[in-house]
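Containing compact mmCIF, C-alpha atoms: work.txt.
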# COMPACT_ATOMS: atom_id res chain seq x y z
CA MET Z 1 -14.36 16.06 -2.55
CA ASP Z 2 -12.36 12.90 -3.21
CA GLN Z 3 -10.44 11.17 -0.43
CA LEU Z 4 -7.05 9.60 -1.13
CA ARG Z 5 -5.22 7.12 1.10
CA ILE Z 6 -1.85 8.68 1.94
CA THR Z 7 -0.07 7.19 4.94
CA PRO Z 8 2.83 9.03 6.59
CA VAL Z 9 5.87 6.85 7.28
CA PRO Z 10 9.33 7.80 8.57
CA GLY Z 11 11.03 9.75 5.79
CA GLY Z 12 8.09 9.86 3.39
CA VAL Z 13 4.59 8.67 2.55
CA LEU Z 14 2.77 5.63 1.20
CA ILE Z 15 0.30 6.37 -1.60
CA ASP Z 16 -2.39 3.94 -2.76
CA VAL Z 17 -2.55 3.65 -6.55
CA ARG Z 18 -5.02 1.96 -8.90
CA LEU Z 19 -3.15 1.15 -12.12
CA ARG Z 20 -4.72 0.91 -15.58
CA PRO Z 21 -2.17 -0.67 -17.93
CA ARG Z 22 -2.53 -0.59 -21.74
CA ALA Z 23 -4.44 2.69 -21.60
CA SER Z 24 -4.82 4.58 -24.85
CA ARG Z 25 -3.50 7.73 -23.13
CA ALA Z 26 -1.12 7.82 -20.19
CA GLY Z 27 -1.93 10.17 -17.33
CA VAL Z 28 -3.64 10.67 -14.00
CA GLY Z 29 -7.29 9.66 -13.92
CA GLY Z 30 -8.28 11.13 -10.57
CA VAL Z 31 -9.09 9.43 -7.28
CA ARG Z 32 -11.19 6.27 -7.21
CA GLU Z 33 -12.10 4.28 -4.10
CA GLY Z 34 -9.35 5.93 -2.08
CA ALA Z 35 -6.60 5.30 -4.63
CA LEU Z 36 -4.94 7.56 -7.19
CA GLU Z 37 -5.78 6.21 -10.64
CA LEU Z 38 -2.79 6.13 -12.98
CA ARG Z 39 -3.15 5.22 -16.66
CA VAL Z 40 -0.08 3.90 -18.46
CA SER Z 41 0.27 2.62 -22.01
CA ALA Z 42 2.73 -0.11 -21.01
CA PRO Z 43 1.43 -3.70 -20.77
CA PRO Z 44 1.37 -5.55 -17.44
CA VAL Z 45 4.26 -7.78 -18.52
CA GLU Z 46 7.60 -8.20 -16.74
CA GLY Z 47 7.10 -5.10 -14.61
CA GLU Z 48 6.72 -2.70 -17.55
CA ALA Z 49 3.47 -1.19 -16.26
CA ASN Z 50 4.94 -0.88 -12.74
CA ALA Z 51 7.98 0.96 -14.09
CA ALA Z 52 5.77 3.29 -16.14
CA ALA Z 53 3.57 3.95 -13.08
CA ARG Z 54 6.62 4.72 -10.97
CA GLU Z 55 7.86 7.21 -13.56
CA LEU Z 56 4.43 8.86 -13.92
CA LEU Z 57 3.99 9.17 -10.15
CA ALA Z 58 7.46 10.72 -9.81
CA ASP Z 59 6.55 13.26 -12.50
CA VAL Z 60 3.22 14.11 -10.83
CA LEU Z 61 4.89 14.59 -7.44
CA GLY Z 62 7.90 16.45 -8.82
CA VAL Z 63 10.45 14.06 -7.32
CA SER Z 64 13.15 11.90 -8.88
CA ARG Z 65 12.29 8.32 -9.84
CA ALA Z 66 14.84 7.11 -7.31
CA ARG Z 67 12.60 8.43 -4.51
CA VAL Z 68 9.55 6.41 -5.66
CA VAL Z 69 9.52 2.69 -4.83
CA LEU Z 70 6.82 0.05 -5.31
CA HIS Z 71 5.98 -0.96 -1.74
CA GLY Z 72 3.18 -3.47 -2.39
CA GLY Z 73 0.97 -4.93 -5.12
CA GLN Z 74 3.63 -6.12 -7.55
CA LYS Z 75 1.15 -8.19 -9.59
CA SER Z 76 -2.07 -6.38 -8.72
CA ARG Z 77 -3.83 -3.33 -10.15
CA LEU Z 78 -4.02 -1.96 -6.61
CA LYS Z 79 -0.54 -0.86 -5.58
CA VAL Z 80 1.17 1.05 -2.81
CA PHE Z 81 4.10 3.29 -3.66
CA ARG Z 82 6.51 4.69 -1.09
CA VAL Z 83 7.71 8.22 -1.83
CA GLU Z 84 10.78 9.37 0.09
CA GLY Z 85 11.32 12.96 1.22
CA LEU Z 86 7.74 14.16 0.81
CA GLY Z 87 5.15 14.79 3.51
CA PRO Z 88 1.41 14.04 3.23
CA ALA Z 89 0.40 17.69 2.78
CA ALA Z 90 2.94 18.29 0.00
CA ALA Z 91 1.99 15.05 -1.78
CA LEU Z 92 -1.71 15.90 -1.52
CA ALA Z 93 -1.19 19.41 -2.88
CA ARG Z 94 0.80 18.15 -5.88
CA ILE Z 95 -1.76 15.45 -6.65
CA ALA Z 96 -4.63 17.97 -6.40
CA ILE Z 97 -2.85 20.14 -8.99
CA ALA Z 98 -2.34 17.14 -11.31
CA ILE Z 99 -5.98 16.02 -11.18
CA LYS Z 100 -7.35 19.59 -11.09
CA SER Z 101 -9.65 18.72 -8.22
CA PRO Z 102 -9.57 19.17 -4.44
CA VAL Z 103 -8.53 16.06 -2.53
CA THR Z 104 -8.37 15.16 1.16
CA ILE Z 105 -6.54 12.42 3.00
CA LYS Z 106 -8.65 9.36 3.75
CA SER Z 107 -8.32 7.98 7.26
CA PRO Z 108 -7.14 4.36 7.47

Here is the file; what I need is its structure written in the form of structure tokens.
Amino acid sequence: MDQLRITPVPGGVLIDVRLRPRASRAGVGGVREGALELRVSAPPVEGEANAAARELLADVLGVSRARVVLHGGQKSRLKVFRVEGLGPAAALARIAIAIKSPVTIKSP
């Protein structure tokens, strides 16, 4: 069973993401080294890949894009997104459905 780093914060959660820009197919790649792997076709130029990742994560979690904010890792493949209005259990359940695999929360 994969372990994903999801940190509860007031009003939402922080989710660790490993981003693969310029992927041939956009989608969720599973959990790797504690981070949710997101594949986007956008290049890592002028925030395009970050914007595509934000949109994909919002779709996976079933929340509006306005509730997903890049919290850290602006110019890195390893990113942290803050998702407002969603608890760790709900986020974990929605991610498990998207990757079609059971996932647990990794302790910090």

Exercise. Select, from Z:Ala53, Z:Gln3, Z:Val60, Z:Val13, the residue with the minimum atom-to-atom distance to Z:Val83, counting all atoms listed in the file.
Key: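 Checking each of Z:Ala53, Z:Gln3, Z:Val60, Z:Val13 against Z:Val83, counting all atoms listed in the file, the winner is Z:Val13.
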
Self-check item: Surrounding residues of stretch 89-93 of chain Z excluding itself and chain neighbours under 3 positions, 9 Å, all atoms listed in the file, as a list of chain:residue names
Solution: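 Answer for this query is Z:Leu4, Z:Ile6, Z:Val13, Z:Ile15, Z:Leu61, Z:Val83, Z:Leu86, Z:Ala96, Z:Ile97, Z:Ala98, Z:Pro102, Z:Val103, Z:Thr104, Z:Ile105.
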
Write out, as a compact mmCIF listing (two decimals), in the coordinates of the input, the residues just selected, with C-alpha atoms.
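Writing done, so here's part.txt:
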# COMPACT_ATOMS: atom_id res chain seq x y z
CA LEU Z 4 -7.05 9.60 -1.13
CA ILE Z 6 -1.85 8.68 1.94
CA VAL Z 13 4.59 8.67 2.55
CA ILE Z 15 0.30 6.37 -1.60
CA LEU Z 61 4.89 14.59 -7.44
CA VAL Z 83 7.71 8.22 -1.83
CA LEU Z 86 7.74 14.16 0.81
CA ALA Z 96 -4.63 17.97 -6.40
CA ILE Z 97 -2.85 20.14 -8.99
CA ALA Z 98 -2.34 17.14 -11.31
CA PRO Z 102 -9.57 19.17 -4.44
CA VAL Z 103 -8.53 16.06 -2.53
CA THR Z 104 -8.37 15.16 1.16
CA ILE Z 105 -6.54 12.42 3.00

Any idea what's packed within 12 Å of Z:Phe81, counting only C-alpha atoms, ignoring anything in its chain fewer than 3 positions away? Could you give it as a PDB file with C-alpha atoms, keeping the file's coordinate frame?
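Result file follows (around-v8.pdb):
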ATOM      1  CA  ARG Z   5      -5.220   7.120   1.100  1.00  0.00           C
ATOM      2  CA  ILE Z   6      -1.850   8.680   1.940  1.00  0.00           C
ATOM      3  CA  THR Z   7      -0.070   7.190   4.940  1.00  0.00           C
ATOM      4  CA  PRO Z   8       2.830   9.030   6.590  1.00  0.00           C
ATOM      5  CA  VAL Z   9       5.870   6.850   7.280  1.00  0.00           C
ATOM      6  CA  GLY Z  12       8.090   9.860   3.390  1.00  0.00           C
ATOM      7  CA  VAL Z  13       4.590   8.670   2.550  1.00  0.00           C
ATOM      8  CA  LEU Z  14       2.770   5.630   1.200  1.00  0.00           C
ATOM      9  CA  ILE Z  15       0.300   6.370  -1.600  1.00  0.00           C
ATOM     10  CA  ASP Z  16      -2.390   3.940  -2.760  1.00  0.00           C
ATOM     11  CA  VAL Z  17      -2.550   3.650  -6.550  1.00  0.00           C
ATOM     12  CA  ARG Z  18      -5.020   1.960  -8.900  1.00  0.00           C
ATOM     13  CA  LEU Z  19      -3.150   1.150 -12.120  1.00  0.00           C
ATOM     14  CA  ALA Z  35      -6.600   5.300  -4.630  1.00  0.00           C
ATOM     15  CA  LEU Z  36      -4.940   7.560  -7.190  1.00  0.00           C
ATOM     16  CA  LEU Z  38      -2.790   6.130 -12.980  1.00  0.00           C
ATOM     17  CA  ASN Z  50       4.940  -0.880 -12.740  1.00  0.00           C
ATOM     18  CA  ALA Z  51       7.980   0.960 -14.090  1.00  0.00           C
ATOM     19  CA  ALA Z  53       3.570   3.950 -13.080  1.00  0.00           C
ATOM     20  CA  ARG Z  54       6.620   4.720 -10.970  1.00  0.00           C
ATOM     21  CA  GLU Z  55       7.860   7.210 -13.560  1.00  0.00           C
ATOM     22  CA  LEU Z  56       4.430   8.860 -13.920  1.00  0.00           C
ATOM     23  CA  LEU Z  57       3.990   9.170 -10.150  1.00  0.00           C
ATOM     24  CA  ALA Z  58       7.460  10.720  -9.810  1.00  0.00           C
ATOM     25  CA  LEU Z  61       4.890  14.590  -7.440  1.00  0.00           C
ATOM     26  CA  ARG Z  65      12.290   8.320  -9.840  1.00  0.00           C
ATOM     27  CA  ALA Z  66      14.840   7.110  -7.310  1.00  0.00           C
ATOM     28  CA  ARG Z  67      12.600   8.430  -4.510  1.00  0.00           C
ATOM     29  CA  VAL Z  68       9.550   6.410  -5.660  1.00  0.00           C
ATOM     30  CA  VAL Z  69       9.520   2.690  -4.830  1.00  0.00           C
ATOM     31  CA  LEU Z  70       6.820   0.050  -5.310  1.00  0.00           C
ATOM     32  CA  HIS Z  71       5.980  -0.960  -1.740  1.00  0.00           C
ATOM     33  CA  GLY Z  72       3.180  -3.470  -2.390  1.00  0.00           C
ATOM     34  CA  GLY Z  73       0.970  -4.930  -5.120  1.00  0.00           C
ATOM     35  CA  GLN Z  74       3.630  -6.120  -7.550  1.00  0.00           C
ATOM     36  CA  LEU Z  78      -4.020  -1.960  -6.610  1.00  0.00           C
ATOM     37  CA  GLU Z  84      10.780   9.370   0.090  1.00  0.00           C
TER      38      GLU Z  84
END

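Each of Z:Gly62, Z:Pro43, Z:Gly85, Z:Gly11 was compared to Z:Ala26 using only C-alpha atoms, and Z:Pro43 turns out to be the nearest.
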
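Take atom CA of Z:Lys75 and atom CA of Z:Arg20: the distance between them is 12.4 Å.
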
Quiz item: With only C-alpha atoms as the atoms that count, which of Z:Ala52, Z:Val63, Z:Ala42, Z:Ile99 lies nearest to Z:Arg22?
Solution: Z:Ala42
